[in-house]
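Undergrad: Once you've had a glance at the structure underneath, I'll fire off some questions.
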Amino acid sequence: MRKSTTLRQLELFEAIARLGSFTRAAEELFLTQPTVSMQIKKLTDTVGMPIFEQVGKKIYLTEIGQALLQCSKGISEHLANFEMIAADMKGLKKGKLRLAVVTTAKYFAPRLLGSFSQRYPGVEVSLIVTNRERLLERAANNLDDLYILGQPPDDANVVAEAFLENYLVVIAPADHPLAKVKNIPPAKLAKEPFLLREEGSGTRIAVERLFEHLGLKINMRMELGSNEAIKQSVIGGLGISVLSRHTLELDLPSKQFVMLDVQGFPIKRYWYFAHPAGKQLSLIAGTFVDHLRQASRTNKQSTETAKSKTVTKKPSAQKRK
Ligand code: PGA
């Protein structure tokens with residue numbers, strides 16, 4: 001049955017059963033009489049027994065025809081339900097967004113998800129937070145809809161787009177001897193005990209590349225598995241470190257550590273959203289991408305407004321002189 005019966009045949013069969021006439025069913029479905037007869041013959045052959053019987057001029061369903069009608073109605077109902085689900089998903093009323101981000105992105109990604117959820121409350125969102133290496137493993141296994149990371153791999157298997165600036169800063173305990181020094185030469189960093197993220201962390205790769213670029217060797221004091229552990233260890237006086245500024249927002253007001261004024265810092269990087277090349281983004285994932293792009297534009301605008309405000313303040317300050 002499943003191999004040879006078509007949905008079109010069942011639709012025709014239901015129409016004949018409802019209208020009690022081959023001719024009227026043909027008219028309703030814009031089919032010719034021979035096509036109707038041929039399709040019903042095929043369906044009858046597939047069933048292996050007559051599905052209609054004619055008494056006088058009237059057409060009736062046989063017993064097996066009745067059973068087939070029940071089955072056919074069930075199929076139509078399932079399809080109609082599916083169509084509703086699909087329509088809802090197209091309207092973004094329902095569905096799922098599976099986002100996976102690197103540990104450092106957890107300081108801003110939940111807020112972006114929050115504003116997205118407010119806009120599309122029927123969308124169920126899930127957020128996986130893991131380091132860069134594990135994130136790339138997940139991407140290779142196509143486990144999520146979208147990824148956010150600081151440094152997409154340089155291969156053609158990943159499609160990535162930068163959407164947010166990411167500044168790397170040097171942090172030290174508030175009472176560090178360099179805390180108030182201006183324009184610290186980077187070479188001084190190599191003398192300080194340094195706290196480094198674990199292998200596989202994107203931050204670690206960025207810091208290692210940076211030291212290599214500067215021709216400096218990291219004086220590693222300790223390796224730690226999270227940004228939070230690094231911050232606490234810096235506060236505890238175990239050493240200095242380089243972290244994304246995003247990790248510090250909530251802690252800066254406590255003034256327990258400082259950002260050192262090292263030449264060349266902050267280092268500007270970007271946050272990217274990414275997905276495996278060739279992956280067809282779901283409608284919801286595509287809409288989230290638009291949301292990220294919009295957030296990026298808003299962020300740029302507010303940075304520019306903040307800059308222009310600083311500029312307009314300057315002349316009045318000069319006037320006062
Ligand atoms: P991480 O990644 O959280 O694994 O350190 C950060 C980044 O990719 O910049």
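Labeling convention for the structure tokens: chains A, B, ... as they appear, residues from 1 per chain, ligands from 1 in order of appearance.
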With a cut-off of 6 Å, could you pull out the residues of chain A touching ligand 1 and give me the nearest pair of atoms for each, distance in Å to one decimal, using only C-alpha atoms and all ligand atoms, ordered by chain and ascending number, as a Markdown table?
TA:
| residue | atom | partner | partner_atom_place_in_ligand_line | distance |
| --- | --- | --- | --- | --- |
| A:Val102 | CA | ligand 1 | 3 (O) | 4.3 |
| A:Thr103 | CA | ligand 1 | 3 (O) | 3.7 |
| A:Thr104 | CA | ligand 1 | 3 (O) | 3.8 |
| A:Asn131 | CA | ligand 1 | 4 (O) | 3.6 |
| A:Arg132 | CA | ligand 1 | 4 (O) | 4.0 |
| A:Leu149 | CA | ligand 1 | 8 (O) | 4.7 |
| A:Gly150 | CA | ligand 1 | 8 (O) | 3.4 |
| A:Gln151 | CA | ligand 1 | 8 (O) | 5.2 |
| A:Ser201 | CA | ligand 1 | 4 (O) | 3.4 |
| A:Gly202 | CA | ligand 1 | 2 (O) | 3.4 |
| A:Thr203 | CA | ligand 1 | 5 (O) | 3.7 |
Undergrad: Those same residues - N, CA, C and O atoms - I'd like them written as an mmCIF file, in the first residue's frame.
TA:
data_model
loop_
_atom_site.group_PDB
_atom_site.id
_atom_site.type_symbol
_atom_site.label_atom_id
_atom_site.label_comp_id
_atom_site.auth_asym_id
_atom_site.auth_seq_id
_atom_site.Cartn_x
_atom_site.Cartn_y
_atom_site.Cartn_z
ATOM 1 N N VAL A 102 31.207 29.925 22.939
ATOM 2 C CA VAL A 102 32.424 29.707 23.735
ATOM 3 C C VAL A 102 32.219 30.345 25.109
ATOM 4 O O VAL A 102 31.401 31.259 25.261
ATOM 5 N N THR A 103 32.968 29.840 26.077
ATOM 6 C CA THR A 103 32.756 30.269 27.471
ATOM 7 C C THR A 103 32.787 31.787 27.630
ATOM 8 O O THR A 103 32.011 32.345 28.395
ATOM 9 N N THR A 104 33.658 32.451 26.876
ATOM 10 C CA THR A 104 33.774 33.894 27.046
ATOM 11 C C THR A 104 32.552 34.637 26.512
ATOM 12 O O THR A 104 32.234 35.725 26.968
ATOM 13 N N ASN A 131 34.258 25.407 25.766
ATOM 14 C CA ASN A 131 35.390 26.153 25.196
ATOM 15 C C ASN A 131 35.505 25.935 23.685
ATOM 16 O O ASN A 131 34.776 25.139 23.105
ATOM 17 N N ARG A 132 36.389 26.689 23.074
ATOM 18 C CA ARG A 132 36.454 26.743 21.614
ATOM 19 C C ARG A 132 36.627 25.362 20.982
ATOM 20 O O ARG A 132 35.946 25.005 20.027
ATOM 21 N N LEU A 149 31.724 32.396 18.479
ATOM 22 C CA LEU A 149 33.108 32.193 18.926
ATOM 23 C C LEU A 149 33.983 33.367 18.496
ATOM 24 O O LEU A 149 33.557 34.206 17.691
ATOM 25 N N GLY A 150 35.188 33.404 19.072
ATOM 26 C CA GLY A 150 36.056 34.553 18.841
ATOM 27 C C GLY A 150 36.950 34.424 17.630
ATOM 28 O O GLY A 150 37.403 35.410 17.076
ATOM 29 N N GLN A 151 37.216 33.209 17.227
ATOM 30 C CA GLN A 151 38.165 33.024 16.121
ATOM 31 C C GLN A 151 37.730 31.813 15.311
ATOM 32 O O GLN A 151 38.058 30.683 15.666
ATOM 33 N N SER A 201 41.146 26.628 24.786
ATOM 34 C CA SER A 201 40.407 27.884 24.936
ATOM 35 C C SER A 201 40.804 28.863 23.833
ATOM 36 O O SER A 201 41.985 28.984 23.478
ATOM 37 N N GLY A 202 39.817 29.568 23.300
ATOM 38 C CA GLY A 202 40.076 30.558 22.259
ATOM 39 C C GLY A 202 40.891 31.719 22.808
ATOM 40 O O GLY A 202 41.764 32.264 22.128
ATOM 41 N N THR A 203 40.600 32.104 24.063
ATOM 42 C CA THR A 203 41.348 33.196 24.701
ATOM 43 C C THR A 203 42.821 32.812 24.783
ATOM 44 O O THR A 203 43.707 33.615 24.493
#
Undergrad: Leaving out Asp145 in chain A and any residue of its chain fewer than 6 positions from it, which residues lie within 7 Å of it when counting only C-alpha atoms, given as number ranges by chain?
TA: A: 97-99, 281, 285
Undergrad: CA of Val129 in chain A and CA of Ile230 in chain A are how many Å apart?
TA: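 Straight-line distance from CA of Val129 in chain A to CA of Ile230 in chain A works out to 17.3 Å.
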Undergrad: Need to verify the contact set: Pro186 in chain A, 10 Å, only C-alpha atoms, exclusion of same-chain residues closer than 3 positions in sequence. Can you return it as an mmCIF file with C-alpha atoms, in the first residue's frame?
TA:
data_model
loop_
_atom_site.group_PDB
_atom_site.id
_atom_site.type_symbol
_atom_site.label_atom_id
_atom_site.label_comp_id
_atom_site.auth_asym_id
_atom_site.auth_seq_id
_atom_site.Cartn_x
_atom_site.Cartn_y
_atom_site.Cartn_z
ATOM 1 C CA ASN A 183 52.101 53.272 28.586
ATOM 2 C CA LEU A 189 54.284 41.545 30.717
ATOM 3 C CA ALA A 190 56.795 38.782 30.166
ATOM 4 C CA LYS A 191 58.272 39.426 33.625
ATOM 5 C CA PHE A 211 52.991 36.955 22.857
ATOM 6 C CA LEU A 214 55.491 40.461 20.324
ATOM 7 C CA GLY A 215 58.445 38.067 20.481
ATOM 8 C CA LEU A 216 57.821 37.476 24.181
ATOM 9 C CA ASP A 261 47.683 50.553 30.429
ATOM 10 C CA VAL A 262 49.949 48.407 28.249
ATOM 11 C CA GLN A 263 51.105 49.755 24.851
ATOM 12 C CA GLY A 264 49.031 48.247 22.043
ATOM 13 C CA PHE A 265 46.197 47.271 24.380
#
Undergrad: Report as a ChimeraX atom specification all protein, DNA and RNA residues lying within 9 Å of Lys42 in chain A, evaluated on only C-alpha atoms, omitting residues in the same chain fewer than 4 positions from it.
TA: /A:4-5,9,37-38,46-47
Undergrad: Limited to all heavy atoms, could you put the picked residues into a file as a PDB file, in the first residue's frame?
TA:
ATOM      1  N   SER A   4       2.705   2.047  -3.362  1.00  0.00           N
ATOM      2  CA  SER A   4       2.022   2.455  -4.600  1.00  0.00           C
ATOM      3  C   SER A   4       0.898   3.464  -4.430  1.00  0.00           C
ATOM      4  O   SER A   4       0.484   4.078  -5.410  1.00  0.00           O
ATOM      5  CB  SER A   4       1.521   1.214  -5.341  1.00  0.00           C
ATOM      6  OG  SER A   4       1.105   0.244  -4.419  1.00  0.00           O
ATOM      7  N   THR A   5       0.395   3.635  -3.194  1.00  0.00           N
ATOM      8  CA  THR A   5      -0.715   4.592  -3.042  1.00  0.00           C
ATOM      9  C   THR A   5      -0.174   6.017  -2.987  1.00  0.00           C
ATOM     10  O   THR A   5       0.803   6.282  -2.291  1.00  0.00           O
ATOM     11  CB  THR A   5      -1.481   4.311  -1.733  1.00  0.00           C
ATOM     12  OG1 THR A   5      -1.751   2.934  -1.676  1.00  0.00           O
ATOM     13  CG2 THR A   5      -2.773   5.098  -1.667  1.00  0.00           C
ATOM     14  N   GLN A   9      -4.322  10.020  -4.967  1.00  0.00           N
ATOM     15  CA  GLN A   9      -5.359   8.973  -5.084  1.00  0.00           C
ATOM     16  C   GLN A   9      -6.294   9.010  -3.880  1.00  0.00           C
ATOM     17  O   GLN A   9      -7.513   8.913  -4.013  1.00  0.00           O
ATOM     18  CB  GLN A   9      -4.713   7.586  -5.168  1.00  0.00           C
ATOM     19  CG  GLN A   9      -4.122   7.256  -6.522  1.00  0.00           C
ATOM     20  CD  GLN A   9      -3.309   5.973  -6.504  1.00  0.00           C
ATOM     21  OE1 GLN A   9      -3.102   5.351  -5.462  1.00  0.00           O
ATOM     22  NE2 GLN A   9      -2.820   5.591  -7.666  1.00  0.00           N
ATOM     23  N   SER A  37     -11.046   7.561 -13.335  1.00  0.00           N
ATOM     24  CA  SER A  37     -11.277   6.102 -13.421  1.00  0.00           C
ATOM     25  C   SER A  37      -9.959   5.346 -13.301  1.00  0.00           C
ATOM     26  O   SER A  37      -9.864   4.343 -12.593  1.00  0.00           O
ATOM     27  CB  SER A  37     -11.919   5.737 -14.769  1.00  0.00           C
ATOM     28  OG  SER A  37     -13.078   6.493 -14.938  1.00  0.00           O
ATOM     29  N   MET A  38      -8.941   5.869 -13.988  1.00  0.00           N
ATOM     30  CA  MET A  38      -7.652   5.176 -13.969  1.00  0.00           C
ATOM     31  C   MET A  38      -7.043   5.178 -12.543  1.00  0.00           C
ATOM     32  O   MET A  38      -6.560   4.150 -12.079  1.00  0.00           O
ATOM     33  CB  MET A  38      -6.686   5.861 -14.935  1.00  0.00           C
ATOM     34  CG  MET A  38      -5.440   5.042 -15.202  1.00  0.00           C
ATOM     35  SD  MET A  38      -4.371   5.912 -16.341  1.00  0.00           S
ATOM     36  CE  MET A  38      -3.839   7.272 -15.372  1.00  0.00           C
ATOM     37  N   THR A  46      -4.365  -1.884  -5.857  1.00  0.00           N
ATOM     38  CA  THR A  46      -3.434  -1.906  -4.722  1.00  0.00           C
ATOM     39  C   THR A  46      -4.109  -2.541  -3.505  1.00  0.00           C
ATOM     40  O   THR A  46      -3.503  -3.358  -2.802  1.00  0.00           O
ATOM     41  CB  THR A  46      -2.982  -0.466  -4.358  1.00  0.00           C
ATOM     42  OG1 THR A  46      -2.555   0.183  -5.529  1.00  0.00           O
ATOM     43  CG2 THR A  46      -1.878  -0.459  -3.320  1.00  0.00           C
ATOM     44  N   VAL A  47      -5.369  -2.163  -3.253  1.00  0.00           N
ATOM     45  CA  VAL A  47      -6.097  -2.724  -2.103  1.00  0.00           C
ATOM     46  C   VAL A  47      -6.340  -4.217  -2.333  1.00  0.00           C
ATOM     47  O   VAL A  47      -6.281  -5.030  -1.411  1.00  0.00           O
ATOM     48  CB  VAL A  47      -7.434  -1.953  -1.879  1.00  0.00           C
ATOM     49  CG1 VAL A  47      -8.287  -2.609  -0.809  1.00  0.00           C
ATOM     50  CG2 VAL A  47      -7.156  -0.507  -1.513  1.00  0.00           C
TER      51      VAL A  47
END
Undergrad: Residues near Pro177 in chain A, anyone? I mean within 12 Å using only C-alpha atoms, not counting same-chain ones fewer than 2 positions away, as a PDB file with N, CA, C and O atoms, in the first residue's frame.
TA:
ATOM      1  N   ALA A 172      45.196  43.117  36.333  1.00  0.00           N
ATOM      2  CA  ALA A 172      46.128  42.897  37.452  1.00  0.00           C
ATOM      3  C   ALA A 172      45.395  43.260  38.749  1.00  0.00           C
ATOM      4  O   ALA A 172      44.394  43.988  38.703  1.00  0.00           O
ATOM      5  N   PRO A 173      45.873  42.785  39.904  1.00  0.00           N
ATOM      6  CA  PRO A 173      45.206  43.166  41.156  1.00  0.00           C
ATOM      7  C   PRO A 173      45.296  44.685  41.368  1.00  0.00           C
ATOM      8  O   PRO A 173      46.244  45.324  40.882  1.00  0.00           O
ATOM      9  N   ALA A 174      44.308  45.249  42.056  1.00  0.00           N
ATOM     10  CA  ALA A 174      44.222  46.712  42.199  1.00  0.00           C
ATOM     11  C   ALA A 174      45.499  47.312  42.806  1.00  0.00           C
ATOM     12  O   ALA A 174      45.886  48.434  42.471  1.00  0.00           O
ATOM     13  N   ASP A 175      46.198  46.541  43.674  1.00  0.00           N
ATOM     14  CA  ASP A 175      47.389  47.107  44.333  1.00  0.00           C
ATOM     15  C   ASP A 175      48.686  46.729  43.595  1.00  0.00           C
ATOM     16  O   ASP A 175      49.778  46.807  44.161  1.00  0.00           O
ATOM     17  N   ALA A 179      49.806  49.267  38.448  1.00  0.00           N
ATOM     18  CA  ALA A 179      48.400  49.681  38.346  1.00  0.00           C
ATOM     19  C   ALA A 179      48.247  51.113  37.856  1.00  0.00           C
ATOM     20  O   ALA A 179      47.347  51.414  37.088  1.00  0.00           O
ATOM     21  N   LYS A 180      49.148  52.003  38.294  1.00  0.00           N
ATOM     22  CA  LYS A 180      48.974  53.423  37.934  1.00  0.00           C
ATOM     23  C   LYS A 180      49.960  53.874  36.859  1.00  0.00           C
ATOM     24  O   LYS A 180      49.986  55.047  36.492  1.00  0.00           O
ATOM     25  N   VAL A 181      50.760  52.932  36.357  1.00  0.00           N
ATOM     26  CA  VAL A 181      51.780  53.298  35.354  1.00  0.00           C
ATOM     27  C   VAL A 181      51.118  53.456  33.979  1.00  0.00           C
ATOM     28  O   VAL A 181      50.255  52.665  33.606  1.00  0.00           O
ATOM     29  N   LYS A 182      51.552  54.504  33.245  1.00  0.00           N
ATOM     30  CA  LYS A 182      50.988  54.738  31.907  1.00  0.00           C
ATOM     31  C   LYS A 182      51.915  54.122  30.863  1.00  0.00           C
ATOM     32  O   LYS A 182      53.135  54.071  31.060  1.00  0.00           O
ATOM     33  N   ILE A 184      52.697  51.167  29.567  1.00  0.00           N
ATOM     34  CA  ILE A 184      53.642  50.114  29.980  1.00  0.00           C
ATOM     35  C   ILE A 184      54.157  49.373  28.733  1.00  0.00           C
ATOM     36  O   ILE A 184      53.355  48.936  27.898  1.00  0.00           O
ATOM     37  N   LYS A 188      57.302  44.207  29.610  1.00  0.00           N
ATOM     38  CA  LYS A 188      57.130  44.057  31.067  1.00  0.00           C
ATOM     39  C   LYS A 188      56.170  42.915  31.396  1.00  0.00           C
ATOM     40  O   LYS A 188      56.248  42.341  32.485  1.00  0.00           O
ATOM     41  N   GLU A 192      55.979  39.317  34.428  1.00  0.00           N
ATOM     42  CA  GLU A 192      54.944  39.090  35.435  1.00  0.00           C
ATOM     43  C   GLU A 192      54.467  37.637  35.432  1.00  0.00           C
ATOM     44  O   GLU A 192      54.333  37.046  34.355  1.00  0.00           O
ATOM     45  N   GLY A 237      46.008  37.834  43.868  1.00  0.00           N
ATOM     46  CA  GLY A 237      47.426  38.193  43.780  1.00  0.00           C
ATOM     47  C   GLY A 237      48.300  37.115  43.174  1.00  0.00           C
ATOM     48  O   GLY A 237      49.523  37.136  43.306  1.00  0.00           O
ATOM     49  N   GLY A 239      48.743  36.518  39.991  1.00  0.00           N
ATOM     50  CA  GLY A 239      49.400  36.935  38.747  1.00  0.00           C
ATOM     51  C   GLY A 239      48.526  37.876  37.953  1.00  0.00           C
ATOM     52  O   GLY A 239      47.480  38.333  38.430  1.00  0.00           O
ATOM     53  N   ILE A 240      48.970  38.139  36.725  1.00  0.00           N
ATOM     54  CA  ILE A 240      48.171  38.985  35.826  1.00  0.00           C
ATOM     55  C   ILE A 240      47.630  38.096  34.694  1.00  0.00           C
ATOM     56  O   ILE A 240      48.039  36.936  34.568  1.00  0.00           O
ATOM     57  N   VAL A 258      42.500  45.939  38.231  1.00  0.00           N
ATOM     58  CA  VAL A 258      42.579  47.063  37.288  1.00  0.00           C
ATOM     59  C   VAL A 258      42.957  46.542  35.899  1.00  0.00           C
ATOM     60  O   VAL A 258      43.528  45.461  35.774  1.00  0.00           O
ATOM     61  N   LEU A 260      45.502  47.161  33.081  1.00  0.00           N
ATOM     62  CA  LEU A 260      46.800  47.838  32.941  1.00  0.00           C
ATOM     63  C   LEU A 260      46.874  48.573  31.600  1.00  0.00           C
ATOM     64  O   LEU A 260      46.349  48.099  30.583  1.00  0.00           O
TER      65      LEU A 260
END
Undergrad: Can you tell me how far CA of Gln66 in chain A sits from CA of Val36 in chain A, in Å to one decimal?
TA: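 CA of Val36 in chain A lies at a distance of 19.0 Å from CA of Gln66 in chain A.
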Undergrad: So that each row is one residue of range 129-162 of chain A with an atom at most 12 Å from range 112-125 of chain A, can you give its shortest atom pair and the distance in Å to one decimal, using only C-alpha atoms, rows by chain and rising number, as a tab-separated table?
TA:
residue	atom	partner	partner_atom	distance
A:Asp144	CA	A:Val125	CA	11.1
A:Asp145	CA	A:Val125	CA	10.6
A:Leu146	CA	A:Val125	CA	11.5
A:Ile148	CA	A:Leu112	CA	11.4
Undergrad: Need the shell around Gly20 in chain A: protein/DNA/RNA residues with any atom at most 9 Å away, counting only C-alpha atoms. Skip same-chain ones fewer than 4 positions apart. Format as a VMD selection string?
TA: chain A and resid 15 to 16 24 to 25 58 to 60
Undergrad: Please report the interatomic distance between CA of Arg269 in chain A and CA of Leu283 in chain A in Å with one decimal.
TA: 28.8 Å
Undergrad: Using only C-alpha atoms, can you tell me which of A:Ile284, A:Gly236, A:Leu292, A:Ser244 comes closest to Lys93 in chain A?
TA: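 Comparing A:Ile284, A:Gly236, A:Leu292, A:Ser244 against Lys93 in chain A, the winner is A:Ile284.
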Undergrad: Which of these residues is nearest to Ser241 in chain A, using only C-alpha atoms: A:Arg209, A:Arg221, A:Lys3, A:His275?
TA: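 Going through A:Arg209, A:Arg221, A:Lys3, A:His275 one by one, the smallest distance to Ser241 in chain A is for A:Arg221.
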Undergrad: Between A:Val55, A:Leu250, A:Phe288, A:Ala140, single out the one closest to Asn157 in chain A, counting only C-alpha atoms.
TA: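 The closest residue to Asn157 in chain A is A:Ala140.
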